[in-house]
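These notes concern the structure reproduced below.
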Amino acid sequence: MERKDFIEKVGLSAAGVLIFGCMQSCSKSGSAPEPTTNNNSTTPKTIDFTINLSIAPYTVLNNAGGFYVDPVNGIIIARTLNNEFIAVSSICTHQSVTVEYQGNSNRFYCPGHGSTFTNAGAVSNGPAALALKQYKTSLANSNLRVFS
């Protein structure tokens, strides 16, 4: 094999590897949940579930300042120092870190980069620029309903 042929084959092989890598990075990721579709229109997932505050792990919500992160629905539920229940998306809008509730500061806090959010989910300190989605809550006896 001559030097020219060798360089040509190596160059074509390298180009093939680069093209394959580019096509892989352009493929659709399966990590984000897909929205539900209804009659050819895309709609966000409807949230409507009830938890019993007398059953673990939800008993933490019996204390003012307590919070629970629901991993199934991606929602953080908190009980404020005023004994009100609040619920927002548990995933920070900046870098997808799970937020915490700081009852003494009356805010949601992202431990990943320091963003803070009000009880309504609005950004109070960045780098996050988008608010957390807020959900409604309703308490009947020991059953807390969270819904959109």
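Ordering of the structure tokens sets the chain letters (A, B, ...); residue numbers start at 1 within each chain; ligands are numbered from 1 in the order shown.
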
DSSP helix (DSSP H, G or I) residues within stretch 34-144 of chain A, as a CSV table (one decimal) with N, CA and C atoms, in the first residue's frame:
```csv
chain,number,residue,atom,x,y,z
A,58,TYR,N,-45.5,10.9,54.1
A,58,TYR,CA,-46.2,12.2,54.1
A,58,TYR,C,-46.3,12.8,55.4
A,59,THR,N,-46.0,12.1,56.5
A,59,THR,CA,-46.2,12.7,57.9
A,59,THR,C,-45.3,13.9,58.1
A,60,VAL,N,-44.2,14.0,57.3
A,60,VAL,CA,-43.3,15.1,57.5
A,60,VAL,C,-44.1,16.5,57.2
A,61,LEU,N,-45.2,16.4,56.5
A,61,LEU,CA,-46.0,17.6,56.2
A,61,LEU,C,-46.9,18.0,57.3
A,62,ASN,N,-46.9,17.2,58.4
A,62,ASN,CA,-47.7,17.6,59.6
A,62,ASN,C,-47.0,18.7,60.4
A,103,GLY,N,-38.4,26.5,55.1
A,103,GLY,CA,-39.5,27.1,55.9
A,103,GLY,C,-39.2,28.3,56.6
A,104,ASN,N,-38.0,28.4,57.2
A,104,ASN,CA,-37.6,29.6,58.0
A,104,ASN,C,-37.4,30.8,57.1
A,105,SER,N,-37.0,30.5,55.8
A,105,SER,CA,-36.8,31.6,54.9
A,105,SER,C,-38.0,31.8,54.0
```

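Closest approach to A:Ile76 from the set A:Asn143, A:Gly114, A:Ala122, A:Gln134 is made by A:Gln134, with distances taken over only C-alpha atoms.
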
field: A:Leu81 environment, 12 Å, only C-alpha atoms, sequence neighbours closer than 3 positions dropped, as a list of chain:residue names
entry: A:Leu61, A:Asn62, A:Asn63, A:Ala64, A:Gly65, A:Gly66, A:Phe67, A:Ala78, A:Glu84, A:Phe85, A:Ile86, A:Tyr101, A:Gln102, A:Gly103, A:Asn104, A:Ser105, A:Asn106, A:Arg107, A:Asn119

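One distance worth recording is that between atom CA of A:Val97 and atom CA of A:Ser138, which is 26.8 Å.
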
message: List as a ChimeraX atom specification the protein and nucleic acid residues near A:Leu132, meaning an atom at most 7 Å away when only C-alpha atoms are counted, but skip any in the same chain fewer than 2 places from it.
response: /A:88-89,92-93,121-122,130,134

Keeping only N, CA and C atoms, take the residues you just selected and write them out as a PDB file, in the first residue's frame.
```pdb
ATOM      1  N   VAL A  88     -45.232  23.069  44.098  1.00  0.00           N
ATOM      2  CA  VAL A  88     -44.645  23.562  42.855  1.00  0.00           C
ATOM      3  C   VAL A  88     -43.837  22.433  42.222  1.00  0.00           C
ATOM      4  N   SER A  89     -43.414  22.641  40.996  1.00  0.00           N
ATOM      5  CA  SER A  89     -42.528  21.687  40.333  1.00  0.00           C
ATOM      6  C   SER A  89     -41.261  21.546  41.160  1.00  0.00           C
ATOM      7  N   CYS A  92     -35.643  22.459  39.333  1.00  0.00           N
ATOM      8  CA  CYS A  92     -35.225  23.830  39.054  1.00  0.00           C
ATOM      9  C   CYS A  92     -35.197  24.074  37.546  1.00  0.00           C
ATOM     10  N   THR A  93     -35.628  25.229  37.155  1.00  0.00           N
ATOM     11  CA  THR A  93     -35.698  25.583  35.734  1.00  0.00           C
ATOM     12  C   THR A  93     -34.333  25.955  35.153  1.00  0.00           C
ATOM     13  N   GLY A 121     -43.511  30.022  43.528  1.00  0.00           N
ATOM     14  CA  GLY A 121     -42.642  29.492  42.484  1.00  0.00           C
ATOM     15  C   GLY A 121     -41.926  30.540  41.660  1.00  0.00           C
ATOM     16  N   ALA A 122     -42.183  31.824  41.909  1.00  0.00           N
ATOM     17  CA  ALA A 122     -41.526  32.892  41.152  1.00  0.00           C
ATOM     18  C   ALA A 122     -40.053  32.989  41.545  1.00  0.00           C
ATOM     19  N   LEU A 130     -36.640  31.273  34.910  1.00  0.00           N
ATOM     20  CA  LEU A 130     -38.039  30.876  34.763  1.00  0.00           C
ATOM     21  C   LEU A 130     -38.602  30.383  36.082  1.00  0.00           C
ATOM     22  N   GLN A 134     -46.626  26.217  39.509  1.00  0.00           N
ATOM     23  CA  GLN A 134     -47.370  26.138  40.763  1.00  0.00           C
ATOM     24  C   GLN A 134     -48.598  25.251  40.591  1.00  0.00           C
TER      25      GLN A 134
END
```

field: DSSP-assigned strand (DSSP E or B) members of stretch 61-109 of chain A, reported as a PyMOL selection string
entry: chain A and resi 67-70+75-79+85-89+91+98+100-102+107-109

Just the selected residues (N, CA and C atoms), exported as a PDB file, in the first residue's frame, please.
```pdb
ATOM      1  N   PHE A  67     -41.434  19.439  54.206  1.00  0.00           N
ATOM      2  CA  PHE A  67     -41.698  19.294  52.775  1.00  0.00           C
ATOM      3  C   PHE A  67     -41.472  17.868  52.334  1.00  0.00           C
ATOM      4  N   TYR A  68     -42.115  17.523  51.243  1.00  0.00           N
ATOM      5  CA  TYR A  68     -41.978  16.194  50.649  1.00  0.00           C
ATOM      6  C   TYR A  68     -41.840  16.366  49.144  1.00  0.00           C
ATOM      7  N   VAL A  69     -40.862  15.665  48.550  1.00  0.00           N
ATOM      8  CA  VAL A  69     -40.674  15.686  47.103  1.00  0.00           C
ATOM      9  C   VAL A  69     -41.297  14.414  46.539  1.00  0.00           C
ATOM     10  N   ASP A  70     -42.294  14.580  45.689  1.00  0.00           N
ATOM     11  CA  ASP A  70     -42.955  13.453  45.027  1.00  0.00           C
ATOM     12  C   ASP A  70     -42.194  13.155  43.743  1.00  0.00           C
ATOM     13  N   ILE A  75     -43.076  16.920  41.852  1.00  0.00           N
ATOM     14  CA  ILE A  75     -43.656  18.050  42.586  1.00  0.00           C
ATOM     15  C   ILE A  75     -43.120  18.052  44.005  1.00  0.00           C
ATOM     16  N   ILE A  76     -42.838  19.246  44.527  1.00  0.00           N
ATOM     17  CA  ILE A  76     -42.478  19.397  45.935  1.00  0.00           C
ATOM     18  C   ILE A  76     -43.676  20.022  46.644  1.00  0.00           C
ATOM     19  N   ILE A  77     -44.066  19.394  47.750  1.00  0.00           N
ATOM     20  CA  ILE A  77     -45.201  19.854  48.552  1.00  0.00           C
ATOM     21  C   ILE A  77     -44.624  20.324  49.879  1.00  0.00           C
ATOM     22  N   ALA A  78     -45.035  21.501  50.335  1.00  0.00           N
ATOM     23  CA  ALA A  78     -44.502  22.048  51.577  1.00  0.00           C
ATOM     24  C   ALA A  78     -45.626  22.606  52.434  1.00  0.00           C
ATOM     25  N   ARG A  79     -45.354  22.633  53.734  1.00  0.00           N
ATOM     26  CA  ARG A  79     -46.271  23.268  54.685  1.00  0.00           C
ATOM     27  C   ARG A  79     -45.554  24.500  55.216  1.00  0.00           C
ATOM     28  N   PHE A  85     -50.582  24.770  52.784  1.00  0.00           N
ATOM     29  CA  PHE A  85     -49.906  23.812  51.920  1.00  0.00           C
ATOM     30  C   PHE A  85     -49.674  24.448  50.561  1.00  0.00           C
ATOM     31  N   ILE A  86     -48.453  24.279  50.053  1.00  0.00           N
ATOM     32  CA  ILE A  86     -48.101  24.803  48.735  1.00  0.00           C
ATOM     33  C   ILE A  86     -47.434  23.689  47.946  1.00  0.00           C
ATOM     34  N   ALA A  87     -47.552  23.757  46.630  1.00  0.00           N
ATOM     35  CA  ALA A  87     -46.941  22.740  45.764  1.00  0.00           C
ATOM     36  C   ALA A  87     -46.464  23.400  44.480  1.00  0.00           C
ATOM     37  N   VAL A  88     -45.232  23.069  44.098  1.00  0.00           N
ATOM     38  CA  VAL A  88     -44.645  23.562  42.855  1.00  0.00           C
ATOM     39  C   VAL A  88     -43.837  22.433  42.222  1.00  0.00           C
ATOM     40  N   SER A  89     -43.414  22.641  40.996  1.00  0.00           N
ATOM     41  CA  SER A  89     -42.528  21.687  40.333  1.00  0.00           C
ATOM     42  C   SER A  89     -41.261  21.546  41.160  1.00  0.00           C
ATOM     43  N   ILE A  91     -38.343  20.482  40.114  1.00  0.00           N
ATOM     44  CA  ILE A  91     -37.139  20.559  39.292  1.00  0.00           C
ATOM     45  C   ILE A  91     -36.832  22.008  38.944  1.00  0.00           C
ATOM     46  N   THR A  98     -33.110  19.114  41.869  1.00  0.00           N
ATOM     47  CA  THR A  98     -34.287  19.054  42.733  1.00  0.00           C
ATOM     48  C   THR A  98     -34.192  20.131  43.810  1.00  0.00           C
ATOM     49  N   GLU A 100     -35.405  22.321  47.290  1.00  0.00           N
ATOM     50  CA  GLU A 100     -35.785  22.054  48.674  1.00  0.00           C
ATOM     51  C   GLU A 100     -36.671  23.200  49.147  1.00  0.00           C
ATOM     52  N   TYR A 101     -37.383  22.980  50.258  1.00  0.00           N
ATOM     53  CA  TYR A 101     -38.151  24.070  50.853  1.00  0.00           C
ATOM     54  C   TYR A 101     -37.455  24.506  52.128  1.00  0.00           C
ATOM     55  N   GLN A 102     -37.227  25.803  52.252  1.00  0.00           N
ATOM     56  CA  GLN A 102     -36.644  26.375  53.456  1.00  0.00           C
ATOM     57  C   GLN A 102     -37.737  27.152  54.176  1.00  0.00           C
ATOM     58  N   ARG A 107     -39.203  30.001  51.401  1.00  0.00           N
ATOM     59  CA  ARG A 107     -38.820  29.969  49.992  1.00  0.00           C
ATOM     60  C   ARG A 107     -38.408  28.555  49.575  1.00  0.00           C
ATOM     61  N   PHE A 108     -38.364  28.363  48.262  1.00  0.00           N
ATOM     62  CA  PHE A 108     -37.793  27.159  47.671  1.00  0.00           C
ATOM     63  C   PHE A 108     -36.368  27.505  47.282  1.00  0.00           C
ATOM     64  N   TYR A 109     -35.468  26.534  47.467  1.00  0.00           N
ATOM     65  CA  TYR A 109     -34.044  26.777  47.260  1.00  0.00           C
ATOM     66  C   TYR A 109     -33.450  25.666  46.406  1.00  0.00           C
TER      67      TYR A 109
END
```

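For the pair atom CA of A:Ala128 and atom CA of A:Thr80, the interatomic distance is 22.5 Å.
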
message: Between atom CA of A:Ile47 and atom CA of A:Val146, what is the distance in Å, rounded to a tenth?
response: 7.2 Å

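Taking only C-alpha atoms, the non-local environment of A:Gly126 within 9 Å (same-chain residues fewer than 2 positions away omitted) comprises His94, His113, Gly114, Ser115, Thr116, Phe117, Val123, Ser124, Ala128 and Ala129 of chain A.
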